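A.B. asks: Attaching a single structure in structure tokens format; questions to follow.
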Number of protein chains: 2
Amino acid sequence: MSDFAADKSHPRYQSLLMRHRLEMAAKAGMLADSALIAHGRGEAYDYLLGETTIPSAHDATMEALAHLQNADSAVISLNGNAIALAGKELMQLASLLKIPVEVNIFYRTPERMKALLNHLYEIRDTNRLDVEILGENPDAKIPGLEGPRAKCCESGIYNSDVILVPLEDGDRCEALVAMGKVVLVIDLNPLSRSAKMGSVTIVDELSRVAENLLSGAMQKIIRTPRTDYDNNNILQSAIDHITSSFSS
Amino acid sequence: MSDFAADKSHPRYQSLLMRHRLEMAAKAGMLADSALIAHGRGEAYDYLLGETTIPSAHDATMEALAHLQNADSAVISLNGNAIALAGKELMQLASLLKIPVEVNIFYRTPERMKALLNHLYEIRDTNRLDVEILGENPDAKIPGLEGPRAKCCESGIYNSDVILVPLEDGDRCEALVAMGKVVLVIDLNPLSRSAKMGSVTIVDELSRVAENLLSGAMQKIIRTPRTDYDNNNILQSAIDHITSSFSS
């Protein structure tokens, strides 16, 4: 990423950096054709959020962290866009929490899986992280899904009780919820099926969420999940924020 | 585009078709890296509009048509995404209105210009259209812009009194307005600089706008532009529509 030349003082530096990371990942064969379009949809919602972590999203992030810290068997599911945008930070988080990551992509091809896994191995080695990277040899299936997108690892996604799914497709999110898991969703569109389906939904941009989870985990204060947590309230707060951005 | 296999009865057929057209154009070298991301932003706003032409957008479309029909020297400016999404329909419109089109792209490279011009020549020949296609040999500059993006043709954009700019960048839109032209903007984001800057802004998806302009032009009823037209009212109506989609 060393050829990214934008000035850090540019008001949209972070957004331009994320766009650059996506374009680099596309060139490296890590992404499906639709990945850049999906990123653009995210950009539009982030623009409406003011490209900032709103208070309700920060609350949701801390609640998600509590679930990850208190799980019997947590896992971070990683797809192409998640790895491109925040692969390093999510690997650091997994290392701190001592949980595995699992590469799990919607359009699974051997070439893309290899490019993504190699990129994660490189992150692990460069940063000397102790993280189990799953996904290469799936040996289980998510019930209710068809074809390659059902594939997963028994010791990772399949047996997890808590799963963090950044930028997840609605169908798969629904299937994971149906398995009885606590599903932690990161999605910029508060109206999406994934957002509505999640146990805890963080309406925020992935690289900001990853940084917030990471700095929360580094404090080593372990909270327990709240019993009165209301995901619909959190979504409504994001909707209210977006709506108000149209009238200002 | 013959390998597009989605079922026409799919509720999101049109959106999937547009995505497919973009992906094909990207493969043909017609688009800049950022084009797919820009399309994704458009998809998000179109989703909020309900993927439909709202009444105020239809009014704006008919007002834009009146300006094109009453111009001394109108032109349609075409960039990569516009050509990919509605190249044929915009060429048919230009033919009906007897006005030129001009290829004018933000990231101008000889390779992209050639790919886009060849695609337009093919559309012209296949559909036996009588349209002047400008842009290959720019001989003028838009005042206030720097570098290759200032380039334009004297007999096209430079001397036009009315210009249709689908999916135009805010800076260039501003520069065209500063030249005293009537600038007809097509943009799905009612908050964008282009949208605010336009003389007549159509907040609608490009392929739907092109179809509406085409069917309006085919009726051969020539209206004159309204003297009491208020672009801000039209934008507010789009904003109200989007805001209401969050509360339903």
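Simple scheme: letters A, B, ... for chains in structure tokens order, numbers from 1 for residues in each chain, numbers from 1 for ligands in the order shown.
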Both chains have the same sequence, so superpose chain B on chain A over all Cα atoms paired in order and return it as a CSV table (one decimal) with C-alpha atoms, in the first residue's frame.
C.D. replies:
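Contents of result_29.csv, as written:
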chain,number,residue,atom,x,y,z
B,1,MET,CA,0.0,-0.1,-0.2
B,2,SER,CA,3.1,2.1,-0.2
B,3,ASP,CA,2.1,4.0,-3.4
B,4,PHE,CA,-0.9,5.6,-1.8
B,5,ALA,CA,0.0,9.3,-2.1
B,6,ALA,CA,-3.0,11.2,-0.7
B,7,ASP,CA,-2.2,13.9,1.9
B,8,LYS,CA,-3.2,12.7,5.5
B,9,SER,CA,-4.7,16.2,6.1
B,10,HIS,CA,-7.2,15.7,3.2
B,11,PRO,CA,-10.7,15.7,4.8
B,12,ARG,CA,-11.5,12.5,3.0
B,13,TYR,CA,-8.1,10.8,3.5
B,14,GLN,CA,-9.6,7.7,5.3
B,15,SER,CA,-12.2,7.2,2.6
B,16,LEU,CA,-9.6,7.5,-0.2
B,17,LEU,CA,-7.3,5.1,1.6
B,18,MET,CA,-10.0,2.5,1.9
B,19,ARG,CA,-10.8,2.9,-1.8
B,20,HIS,CA,-7.2,2.5,-2.6
B,21,ARG,CA,-6.9,-0.7,-0.5
B,22,LEU,CA,-9.9,-2.1,-2.4
B,23,GLU,CA,-8.4,-1.3,-5.8
B,24,MET,CA,-5.1,-2.9,-4.8
B,25,ALA,CA,-6.9,-6.0,-3.6
B,26,ALA,CA,-8.9,-6.2,-6.9
B,27,LYS,CA,-5.6,-6.1,-8.8
B,28,ALA,CA,-4.2,-8.9,-6.6
B,29,GLY,CA,-7.2,-11.2,-7.5
B,30,MET,CA,-8.7,-11.1,-4.0
B,31,LEU,CA,-12.1,-9.8,-4.9
B,32,ALA,CA,-15.2,-10.8,-6.9
B,33,ASP,CA,-16.4,-8.5,-9.7
B,34,SER,CA,-19.1,-7.1,-7.5
B,35,ALA,CA,-16.8,-6.2,-4.6
B,36,LEU,CA,-16.0,-2.7,-5.8
B,37,ILE,CA,-19.7,-2.0,-6.4
B,38,ALA,CA,-20.5,-3.2,-2.9
B,39,HIS,CA,-17.8,-0.9,-1.5
B,40,GLY,CA,-19.4,2.0,-3.4
B,41,ARG,CA,-22.8,1.3,-1.7
B,42,GLY,CA,-20.9,1.4,1.6
B,43,GLU,CA,-19.3,4.7,0.7
B,44,ALA,CA,-22.7,6.2,0.1
B,45,TYR,CA,-24.1,5.2,3.5
B,46,ASP,CA,-20.9,6.3,5.2
B,47,TYR,CA,-21.2,9.7,3.5
B,48,LEU,CA,-24.7,9.9,5.0
B,49,LEU,CA,-23.4,8.9,8.4
B,50,GLY,CA,-20.8,11.8,8.1
B,51,GLU,CA,-17.9,9.3,7.8
B,52,THR,CA,-17.8,9.1,11.6
B,53,THR,CA,-18.5,6.6,14.4
B,54,ILE,CA,-21.8,7.7,15.8
B,55,PRO,CA,-22.4,7.1,19.6
B,56,SER,CA,-24.8,4.2,19.1
B,57,ALA,CA,-22.3,2.5,16.8
B,58,HIS,CA,-19.7,2.8,19.5
B,59,ASP,CA,-22.1,1.3,22.0
B,60,ALA,CA,-22.8,-1.6,19.6
B,61,THR,CA,-19.0,-2.1,19.1
B,62,MET,CA,-18.4,-2.4,22.8
B,63,GLU,CA,-21.3,-4.8,23.1
B,64,ALA,CA,-19.9,-6.9,20.3
B,65,LEU,CA,-16.5,-6.9,22.0
B,66,ALA,CA,-18.2,-8.2,25.3
B,67,HIS,CA,-19.7,-11.1,23.3
B,68,LEU,CA,-16.3,-12.0,21.7
B,69,GLN,CA,-14.6,-11.8,25.1
B,70,ASN,CA,-17.2,-14.0,26.9
B,71,ALA,CA,-17.7,-16.6,24.2
B,72,ASP,CA,-16.9,-20.3,24.6
B,73,SER,CA,-15.8,-20.4,21.0
B,74,ALA,CA,-15.7,-17.2,19.0
B,75,VAL,CA,-14.6,-16.7,15.4
B,76,ILE,CA,-14.1,-13.9,13.0
B,77,SER,CA,-15.4,-14.6,9.5
B,78,LEU,CA,-13.4,-12.9,6.7
B,79,ASN,CA,-14.4,-12.2,3.1
B,80,GLY,CA,-12.5,-10.4,0.4
B,81,ASN,CA,-13.6,-6.9,1.2
B,82,ALA,CA,-13.1,-7.4,5.0
B,83,ILE,CA,-9.5,-8.6,4.3
B,84,ALA,CA,-8.8,-5.8,1.9
B,85,LEU,CA,-10.1,-3.0,4.2
B,86,ALA,CA,-9.0,-4.2,7.6
B,87,GLY,CA,-7.2,-7.5,7.3
B,88,LYS,CA,-4.3,-6.5,9.5
B,89,GLU,CA,-6.4,-5.0,12.3
B,90,LEU,CA,-8.8,-7.9,12.4
B,91,MET,CA,-5.9,-10.4,12.6
B,92,GLN,CA,-4.4,-8.3,15.4
B,93,LEU,CA,-7.8,-8.5,17.2
B,94,ALA,CA,-8.0,-12.3,16.7
B,95,SER,CA,-4.5,-12.6,18.1
B,96,LEU,CA,-5.4,-10.5,21.2
B,97,LEU,CA,-8.6,-12.4,21.8
B,98,LYS,CA,-7.0,-15.8,21.1
B,99,ILE,CA,-9.7,-16.7,18.5
B,100,PRO,CA,-9.4,-18.0,15.0
B,101,VAL,CA,-10.3,-16.3,11.8
B,102,GLU,CA,-12.0,-18.2,8.9
B,103,VAL,CA,-11.9,-17.1,5.3
B,104,ASN,CA,-15.5,-17.5,4.0
B,105,ILE,CA,-16.4,-15.9,0.7
B,106,PHE,CA,-19.6,-15.7,-1.2
B,107,TYR,CA,-18.1,-16.5,-4.7
B,108,ARG,CA,-15.7,-19.2,-3.7
B,109,THR,CA,-13.0,-20.0,-6.3
B,110,PRO,CA,-9.7,-21.7,-5.6
B,111,GLU,CA,-7.8,-18.7,-7.0
B,112,ARG,CA,-9.5,-16.2,-4.8
B,113,MET,CA,-9.2,-18.4,-1.7
B,114,LYS,CA,-5.5,-18.8,-2.4
B,115,ALA,CA,-4.9,-15.1,-2.9
B,116,LEU,CA,-6.8,-14.3,0.4
B,117,LEU,CA,-5.2,-17.0,2.5
B,118,ASN,CA,-1.7,-16.0,1.3
B,119,HIS,CA,-2.4,-12.4,2.1
B,120,LEU,CA,-3.5,-13.4,5.7
B,121,TYR,CA,-0.4,-15.6,6.1
B,122,GLU,CA,1.8,-12.7,5.1
B,123,ILE,CA,0.0,-10.4,7.6
B,124,ARG,CA,0.5,-13.1,10.3
B,125,ASP,CA,4.2,-13.5,9.5
B,126,THR,CA,5.0,-9.8,9.1
B,127,ASN,CA,3.3,-8.9,12.4
B,128,ARG,CA,4.3,-12.0,14.3
B,129,LEU,CA,0.8,-12.8,15.2
B,130,ASP,CA,-0.4,-16.1,16.8
B,131,VAL,CA,-3.7,-16.7,14.9
B,132,GLU,CA,-5.2,-19.8,13.5
B,133,ILE,CA,-6.3,-19.2,9.9
B,134,LEU,CA,-9.2,-21.4,8.8
B,135,GLY,CA,-11.0,-21.8,5.5
B,136,GLU,CA,-8.6,-23.7,3.3
B,137,ASN,CA,-10.1,-27.1,4.0
B,138,PRO,CA,-13.8,-26.8,4.8
B,139,ASP,CA,-15.3,-29.9,6.4
B,140,ALA,CA,-18.8,-28.8,7.4
B,141,LYS,CA,-21.8,-27.0,5.9
B,142,ILE,CA,-24.0,-24.2,7.1
B,143,PRO,CA,-27.5,-25.6,7.1
B,144,GLY,CA,-30.0,-23.9,4.8
B,145,LEU,CA,-27.4,-22.6,2.3
B,146,GLU,CA,-26.8,-24.1,-1.2
B,147,GLY,CA,-23.5,-24.8,-3.1
B,148,PRO,CA,-20.0,-23.5,-2.3
B,149,ARG,CA,-21.3,-20.7,-0.1
B,150,ALA,CA,-22.4,-23.3,2.5
B,151,LYS,CA,-18.9,-24.5,3.1
B,152,CYS,CA,-17.2,-23.9,6.4
B,153,CYS,CA,-14.9,-25.4,9.0
B,154,GLU,CA,-16.2,-27.5,11.9
B,155,SER,CA,-13.6,-26.1,14.3
B,156,GLY,CA,-14.3,-22.5,13.2
B,157,ILE,CA,-17.6,-21.2,12.0
B,158,TYR,CA,-19.6,-24.4,12.4
B,159,ASN,CA,-19.0,-24.9,16.1
B,160,SER,CA,-18.7,-21.2,17.1
B,161,ASP,CA,-21.2,-19.7,19.6
B,162,VAL,CA,-20.3,-16.2,18.7
B,163,ILE,CA,-19.3,-15.0,15.2
B,164,LEU,CA,-18.2,-11.6,13.9
B,165,VAL,CA,-19.3,-11.1,10.3
B,166,PRO,CA,-18.1,-8.0,8.7
B,167,LEU,CA,-20.0,-7.0,5.5
B,168,GLU,CA,-22.0,-10.3,5.4
B,169,ASP,CA,-24.6,-11.2,2.8
B,170,GLY,CA,-28.2,-11.4,4.2
B,171,ASP,CA,-28.9,-15.0,3.4
B,172,ARG,CA,-25.8,-16.2,5.2
B,173,CYS,CA,-26.4,-14.0,8.1
B,174,GLU,CA,-29.9,-15.5,8.4
B,175,ALA,CA,-28.6,-19.0,8.2
B,176,LEU,CA,-26.0,-18.3,11.0
B,177,VAL,CA,-28.7,-16.8,13.2
B,178,ALA,CA,-30.8,-19.9,12.6
B,179,MET,CA,-28.0,-22.1,13.9
B,180,GLY,CA,-28.4,-20.3,17.3
B,181,LYS,CA,-25.3,-18.3,17.2
B,182,VAL,CA,-24.8,-14.8,18.5
B,183,VAL,CA,-24.1,-13.0,15.2
B,184,LEU,CA,-22.2,-9.7,15.3
B,185,VAL,CA,-22.8,-7.8,12.1
B,186,ILE,CA,-20.8,-4.8,10.7
B,187,ASP,CA,-22.9,-3.1,8.0
B,188,LEU,CA,-23.2,0.5,6.9
B,189,ASN,CA,-26.8,0.1,5.7
B,190,PRO,CA,-29.1,0.0,8.7
B,191,LEU,CA,-31.9,-1.1,6.5
B,192,SER,CA,-30.1,-4.2,5.1
B,193,ARG,CA,-31.3,-7.7,5.9
B,194,SER,CA,-28.0,-8.5,7.6
B,195,ALA,CA,-28.4,-5.4,9.8
B,196,LYS,CA,-31.9,-6.4,10.8
B,197,MET,CA,-30.9,-10.0,11.3
B,198,GLY,CA,-27.9,-9.5,13.5
B,199,SER,CA,-27.8,-10.1,17.3
B,200,VAL,CA,-25.6,-7.0,17.6
B,201,THR,CA,-25.3,-4.7,14.5
B,202,ILE,CA,-22.6,-2.1,14.2
B,203,VAL,CA,-23.6,0.5,11.6
B,204,ASP,CA,-20.2,1.9,10.9
B,205,GLU,CA,-17.3,1.7,8.5
B,206,LEU,CA,-15.2,-1.5,8.9
B,207,SER,CA,-11.8,0.0,9.4
B,208,ARG,CA,-13.1,2.3,12.1
B,209,VAL,CA,-14.9,-0.6,13.8
B,210,ALA,CA,-11.7,-2.7,13.7
B,211,GLU,CA,-9.7,0.1,15.3
B,212,ASN,CA,-12.3,0.6,18.0
B,213,LEU,CA,-12.5,-3.2,18.7
B,214,LEU,CA,-8.7,-3.3,18.9
B,215,SER,CA,-8.3,-0.4,21.2
B,216,GLY,CA,-11.1,-1.8,23.4
B,217,ALA,CA,-9.5,-5.3,23.5
B,218,MET,CA,-6.1,-3.8,24.4
B,219,GLN,CA,-7.6,-2.2,27.5
B,220,LYS,CA,-8.1,-5.7,28.8
B,221,ILE,CA,-11.3,-4.7,30.7
B,222,ILE,CA,-13.7,-7.6,30.2
B,223,ARG,CA,-17.3,-6.6,30.2
B,224,THR,CA,-20.2,-9.1,30.1
B,225,PRO,CA,-22.9,-8.7,27.5
B,226,ARG,CA,-25.9,-6.6,28.6
B,227,THR,CA,-29.1,-8.4,29.3
B,228,ASP,CA,-31.2,-5.4,28.2
B,229,TYR,CA,-29.4,-4.8,24.8
B,230,ASP,CA,-31.9,-3.8,22.1
B,231,ASN,CA,-30.5,-4.0,18.5
B,232,ASN,CA,-33.6,-2.3,17.1
B,233,ASN,CA,-32.9,0.8,19.2
B,234,ILE,CA,-29.4,0.9,17.8
B,235,LEU,CA,-30.6,0.6,14.2
B,236,GLN,CA,-33.2,3.3,14.8
B,237,SER,CA,-30.5,5.6,16.1
B,238,ALA,CA,-28.5,5.1,12.9
B,239,ILE,CA,-31.5,5.7,10.8
B,240,ASP,CA,-32.3,8.9,12.7
B,241,HIS,CA,-28.7,10.1,12.2
B,242,ILE,CA,-28.9,9.5,8.5
B,243,THR,CA,-32.3,11.1,8.1
B,244,SER,CA,-31.1,14.2,10.0
B,245,SER,CA,-28.1,14.5,7.6
B,246,PHE,CA,-30.6,15.1,4.8
B,247,SER,CA,-32.3,18.0,6.5
B,248,SER,CA,-29.2,19.8,7.7
A.B. asks: Any chance you could list, as an MDAnalysis selection string, the residues in region 5-230 of chain A that come up alpha helix (DSSP H) when DSSP is run on the backbone?
C.D. replies: chainID A and resid 13:27 35:49 55:70 80:97 110:126 170:178 193:197 206:218
A.B. asks: Write the residues you've just listed into a file as an mmCIF file, in the first residue's frame, and include C-alpha atoms for each of them.
C.D. replies:
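The resulting file, result_5.cif, is shown below:
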data_model
loop_
_atom_site.group_PDB
_atom_site.id
_atom_site.type_symbol
_atom_site.label_atom_id
_atom_site.label_comp_id
_atom_site.auth_asym_id
_atom_site.auth_seq_id
_atom_site.Cartn_x
_atom_site.Cartn_y
_atom_site.Cartn_z
ATOM 1 C CA TYR A 13 -8.148 10.765 3.552
ATOM 2 C CA GLN A 14 -9.553 7.688 5.292
ATOM 3 C CA SER A 15 -12.208 7.167 2.627
ATOM 4 C CA LEU A 16 -9.625 7.539 -0.163
ATOM 5 C CA LEU A 17 -7.273 5.124 1.616
ATOM 6 C CA MET A 18 -10.036 2.498 1.862
ATOM 7 C CA ARG A 19 -10.819 2.944 -1.829
ATOM 8 C CA HIS A 20 -7.144 2.499 -2.626
ATOM 9 C CA ARG A 21 -6.941 -0.696 -0.530
ATOM 10 C CA LEU A 22 -9.914 -2.128 -2.422
ATOM 11 C CA GLU A 23 -8.402 -1.300 -5.801
ATOM 12 C CA MET A 24 -5.098 -2.918 -4.800
ATOM 13 C CA ALA A 25 -6.915 -6.044 -3.591
ATOM 14 C CA ALA A 26 -8.891 -6.202 -6.859
ATOM 15 C CA LYS A 27 -5.620 -6.111 -8.824
ATOM 16 C CA ALA A 35 -16.808 -6.206 -4.616
ATOM 17 C CA LEU A 36 -16.035 -2.673 -5.817
ATOM 18 C CA ILE A 37 -19.725 -1.998 -6.431
ATOM 19 C CA ALA A 38 -20.528 -3.235 -2.916
ATOM 20 C CA HIS A 39 -17.842 -0.932 -1.549
ATOM 21 C CA GLY A 40 -19.426 1.990 -3.389
ATOM 22 C CA ARG A 41 -22.761 1.260 -1.732
ATOM 23 C CA GLY A 42 -20.935 1.365 1.586
ATOM 24 C CA GLU A 43 -19.323 4.688 0.689
ATOM 25 C CA ALA A 44 -22.749 6.222 0.047
ATOM 26 C CA TYR A 45 -24.072 5.157 3.460
ATOM 27 C CA ASP A 46 -20.883 6.265 5.184
ATOM 28 C CA TYR A 47 -21.222 9.672 3.518
ATOM 29 C CA LEU A 48 -24.731 9.910 4.987
ATOM 30 C CA LEU A 49 -23.360 8.933 8.415
ATOM 31 C CA PRO A 55 -22.383 7.105 19.552
ATOM 32 C CA SER A 56 -24.845 4.229 19.060
ATOM 33 C CA ALA A 57 -22.341 2.478 16.774
ATOM 34 C CA HIS A 58 -19.692 2.818 19.452
ATOM 35 C CA ASP A 59 -22.080 1.257 21.992
ATOM 36 C CA ALA A 60 -22.750 -1.615 19.589
ATOM 37 C CA THR A 61 -19.017 -2.095 19.043
ATOM 38 C CA MET A 62 -18.391 -2.402 22.796
ATOM 39 C CA GLU A 63 -21.306 -4.841 23.104
ATOM 40 C CA ALA A 64 -19.855 -6.928 20.263
ATOM 41 C CA LEU A 65 -16.487 -6.942 22.018
ATOM 42 C CA ALA A 66 -18.155 -8.160 25.243
ATOM 43 C CA HIS A 67 -19.679 -11.082 23.311
ATOM 44 C CA LEU A 68 -16.331 -11.947 21.715
ATOM 45 C CA GLN A 69 -14.576 -11.826 25.098
ATOM 46 C CA ASN A 70 -17.171 -13.979 26.865
ATOM 47 C CA GLY A 80 -12.556 -10.395 0.394
ATOM 48 C CA ASN A 81 -13.641 -6.849 1.217
ATOM 49 C CA ALA A 82 -13.055 -7.348 4.953
ATOM 50 C CA ILE A 83 -9.526 -8.616 4.324
ATOM 51 C CA ALA A 84 -8.782 -5.782 1.897
ATOM 52 C CA LEU A 85 -10.111 -3.038 4.168
ATOM 53 C CA ALA A 86 -9.014 -4.193 7.603
ATOM 54 C CA GLY A 87 -7.217 -7.537 7.291
ATOM 55 C CA LYS A 88 -4.326 -6.507 9.503
ATOM 56 C CA GLU A 89 -6.448 -4.973 12.270
ATOM 57 C CA LEU A 90 -8.844 -7.939 12.374
ATOM 58 C CA MET A 91 -5.911 -10.346 12.548
ATOM 59 C CA GLN A 92 -4.445 -8.310 15.429
ATOM 60 C CA LEU A 93 -7.835 -8.467 17.164
ATOM 61 C CA ALA A 94 -8.021 -12.252 16.693
ATOM 62 C CA SER A 95 -4.515 -12.554 18.114
ATOM 63 C CA LEU A 96 -5.377 -10.469 21.194
ATOM 64 C CA LEU A 97 -8.609 -12.393 21.800
ATOM 65 C CA PRO A 110 -9.714 -21.746 -5.629
ATOM 66 C CA GLU A 111 -7.815 -18.716 -7.028
ATOM 67 C CA ARG A 112 -9.522 -16.178 -4.786
ATOM 68 C CA MET A 113 -9.243 -18.429 -1.718
ATOM 69 C CA LYS A 114 -5.530 -18.832 -2.367
ATOM 70 C CA ALA A 115 -4.956 -15.080 -2.853
ATOM 71 C CA LEU A 116 -6.846 -14.272 0.354
ATOM 72 C CA LEU A 117 -5.202 -16.985 2.463
ATOM 73 C CA ASN A 118 -1.737 -16.002 1.253
ATOM 74 C CA HIS A 119 -2.445 -12.378 2.111
ATOM 75 C CA LEU A 120 -3.467 -13.409 5.653
ATOM 76 C CA TYR A 121 -0.396 -15.638 6.066
ATOM 77 C CA GLU A 122 1.726 -12.666 5.063
ATOM 78 C CA ILE A 123 -0.012 -10.408 7.607
ATOM 79 C CA ARG A 124 0.508 -13.076 10.291
ATOM 80 C CA ASP A 125 4.193 -13.503 9.532
ATOM 81 C CA THR A 126 4.999 -9.806 9.086
ATOM 82 C CA GLY A 170 -28.234 -11.380 4.185
ATOM 83 C CA ASP A 171 -28.897 -15.046 3.383
ATOM 84 C CA ARG A 172 -25.798 -16.243 5.152
ATOM 85 C CA CYS A 173 -26.434 -13.994 8.104
ATOM 86 C CA GLU A 174 -29.913 -15.470 8.432
ATOM 87 C CA ALA A 175 -28.540 -19.037 8.231
ATOM 88 C CA LEU A 176 -26.015 -18.303 10.986
ATOM 89 C CA VAL A 177 -28.705 -16.833 13.236
ATOM 90 C CA ALA A 178 -30.830 -19.935 12.569
ATOM 91 C CA ARG A 193 -31.287 -7.720 5.866
ATOM 92 C CA SER A 194 -27.981 -8.451 7.607
ATOM 93 C CA ALA A 195 -28.385 -5.373 9.798
ATOM 94 C CA LYS A 196 -31.900 -6.363 10.827
ATOM 95 C CA MET A 197 -30.930 -10.005 11.294
ATOM 96 C CA LEU A 206 -15.236 -1.502 8.891
ATOM 97 C CA SER A 207 -11.776 -0.001 9.369
ATOM 98 C CA ARG A 208 -13.104 2.335 12.077
ATOM 99 C CA VAL A 209 -14.851 -0.585 13.788
ATOM 100 C CA ALA A 210 -11.692 -2.698 13.644
ATOM 101 C CA GLU A 211 -9.687 0.106 15.269
ATOM 102 C CA ASN A 212 -12.325 0.554 17.975
ATOM 103 C CA LEU A 213 -12.499 -3.185 18.724
ATOM 104 C CA LEU A 214 -8.744 -3.328 18.834
ATOM 105 C CA SER A 215 -8.311 -0.421 21.228
ATOM 106 C CA GLY A 216 -11.136 -1.817 23.392
ATOM 107 C CA ALA A 217 -9.504 -5.258 23.507
ATOM 108 C CA MET A 218 -6.106 -3.755 24.359
#
A.B. asks: Write out as a list in words all residues of region 19-241 of chain A that DSSP puts in strand (DSSP E) for this structure's backbone.
C.D. replies: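 After running DSSP on the backbone, region 19-241 of chain A has strand (DSSP E) at Ala74, Val75, Ile76, Ser77, Leu78, Val101, Glu102, Val103, Ile133, Leu134, Ala140, Lys141, Lys151, Cys152, Val162, Ile163, Leu164, Val165, Pro166, Val182, Val183, Leu184, Val185, Ile186, Val200, Thr201 and Ile202 of chain A.
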A.B. asks: Once you have the residues from the selection above, write them out as a compact mmCIF listing (two decimals), in the first residue's frame, restricted to N, CA and C atoms.
C.D. replies:
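Ended up saving to out-v2.txt:
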# COMPACT_ATOMS: atom_id res chain seq x y z
N ALA A 74 -15.43 -18.26 19.92
CA ALA A 74 -15.72 -17.18 18.97
C ALA A 74 -14.86 -17.32 17.72
N VAL A 75 -15.32 -16.71 16.64
CA VAL A 75 -14.57 -16.75 15.38
C VAL A 75 -14.86 -15.46 14.62
N ILE A 76 -13.86 -15.02 13.83
CA ILE A 76 -14.06 -13.87 12.94
C ILE A 76 -14.12 -14.40 11.52
N SER A 77 -15.25 -14.19 10.85
CA SER A 77 -15.41 -14.62 9.46
C SER A 77 -14.89 -13.50 8.55
N LEU A 78 -14.05 -13.88 7.60
CA LEU A 78 -13.43 -12.85 6.74
C LEU A 78 -13.74 -13.12 5.28
N VAL A 101 -9.55 -16.93 12.85
CA VAL A 101 -10.30 -16.29 11.75
C VAL A 101 -10.59 -17.40 10.74
N GLU A 102 -11.68 -17.21 9.96
CA GLU A 102 -11.99 -18.18 8.91
C GLU A 102 -12.35 -17.43 7.63
N VAL A 103 -11.62 -17.73 6.57
CA VAL A 103 -11.95 -17.10 5.27
C VAL A 103 -13.19 -17.78 4.73
N ILE A 133 -5.62 -19.62 11.10
CA ILE A 133 -6.32 -19.14 9.90
C ILE A 133 -7.02 -20.34 9.26
N LEU A 134 -8.36 -20.35 9.36
CA LEU A 134 -9.15 -21.45 8.82
C LEU A 134 -9.77 -21.08 7.47
N ALA A 140 -17.40 -28.85 6.86
CA ALA A 140 -18.76 -28.80 7.39
C ALA A 140 -19.60 -27.88 6.49
N LYS A 141 -20.90 -27.89 6.73
CA LYS A 141 -21.78 -27.04 5.94
C LYS A 141 -22.73 -26.26 6.83
N LYS A 151 -20.10 -23.92 2.53
CA LYS A 151 -18.90 -24.55 3.10
C LYS A 151 -18.32 -23.78 4.28
N CYS A 152 -17.92 -24.52 5.32
CA CYS A 152 -17.23 -23.88 6.45
C CYS A 152 -16.42 -24.92 7.21
N VAL A 162 -20.26 -17.57 19.04
CA VAL A 162 -20.28 -16.15 18.71
C VAL A 162 -19.47 -15.94 17.44
N ILE A 163 -20.03 -15.21 16.46
CA ILE A 163 -19.33 -15.00 15.20
C ILE A 163 -19.42 -13.54 14.77
N LEU A 164 -18.26 -12.98 14.43
CA LEU A 164 -18.22 -11.61 13.91
C LEU A 164 -18.22 -11.70 12.39
N VAL A 165 -19.24 -11.10 11.75
CA VAL A 165 -19.33 -11.14 10.29
C VAL A 165 -19.33 -9.72 9.71
N PRO A 166 -18.15 -9.25 9.30
CA PRO A 166 -18.11 -7.93 8.66
C PRO A 166 -18.65 -8.04 7.23
N VAL A 182 -24.73 -16.25 18.31
CA VAL A 182 -24.77 -14.79 18.47
C VAL A 182 -24.01 -14.22 17.28
N VAL A 183 -24.72 -13.47 16.41
CA VAL A 183 -24.11 -12.99 15.17
C VAL A 183 -23.86 -11.48 15.29
N LEU A 184 -22.60 -11.11 15.20
CA LEU A 184 -22.18 -9.71 15.34
C LEU A 184 -21.94 -9.17 13.93
N VAL A 185 -22.82 -8.27 13.48
CA VAL A 185 -22.81 -7.78 12.10
C VAL A 185 -22.17 -6.40 12.02
N ILE A 186 -21.33 -6.19 11.01
CA ILE A 186 -20.84 -4.84 10.70
C ILE A 186 -21.39 -4.48 9.33
N VAL A 200 -26.15 -8.31 17.29
CA VAL A 200 -25.59 -6.98 17.59
C VAL A 200 -25.11 -6.43 16.25
N THR A 201 -25.69 -5.31 15.81
CA THR A 201 -25.32 -4.74 14.52
C THR A 201 -24.59 -3.43 14.71
N ILE A 202 -23.40 -3.36 14.12
CA ILE A 202 -22.59 -2.14 14.19
C ILE A 202 -22.74 -1.41 12.86
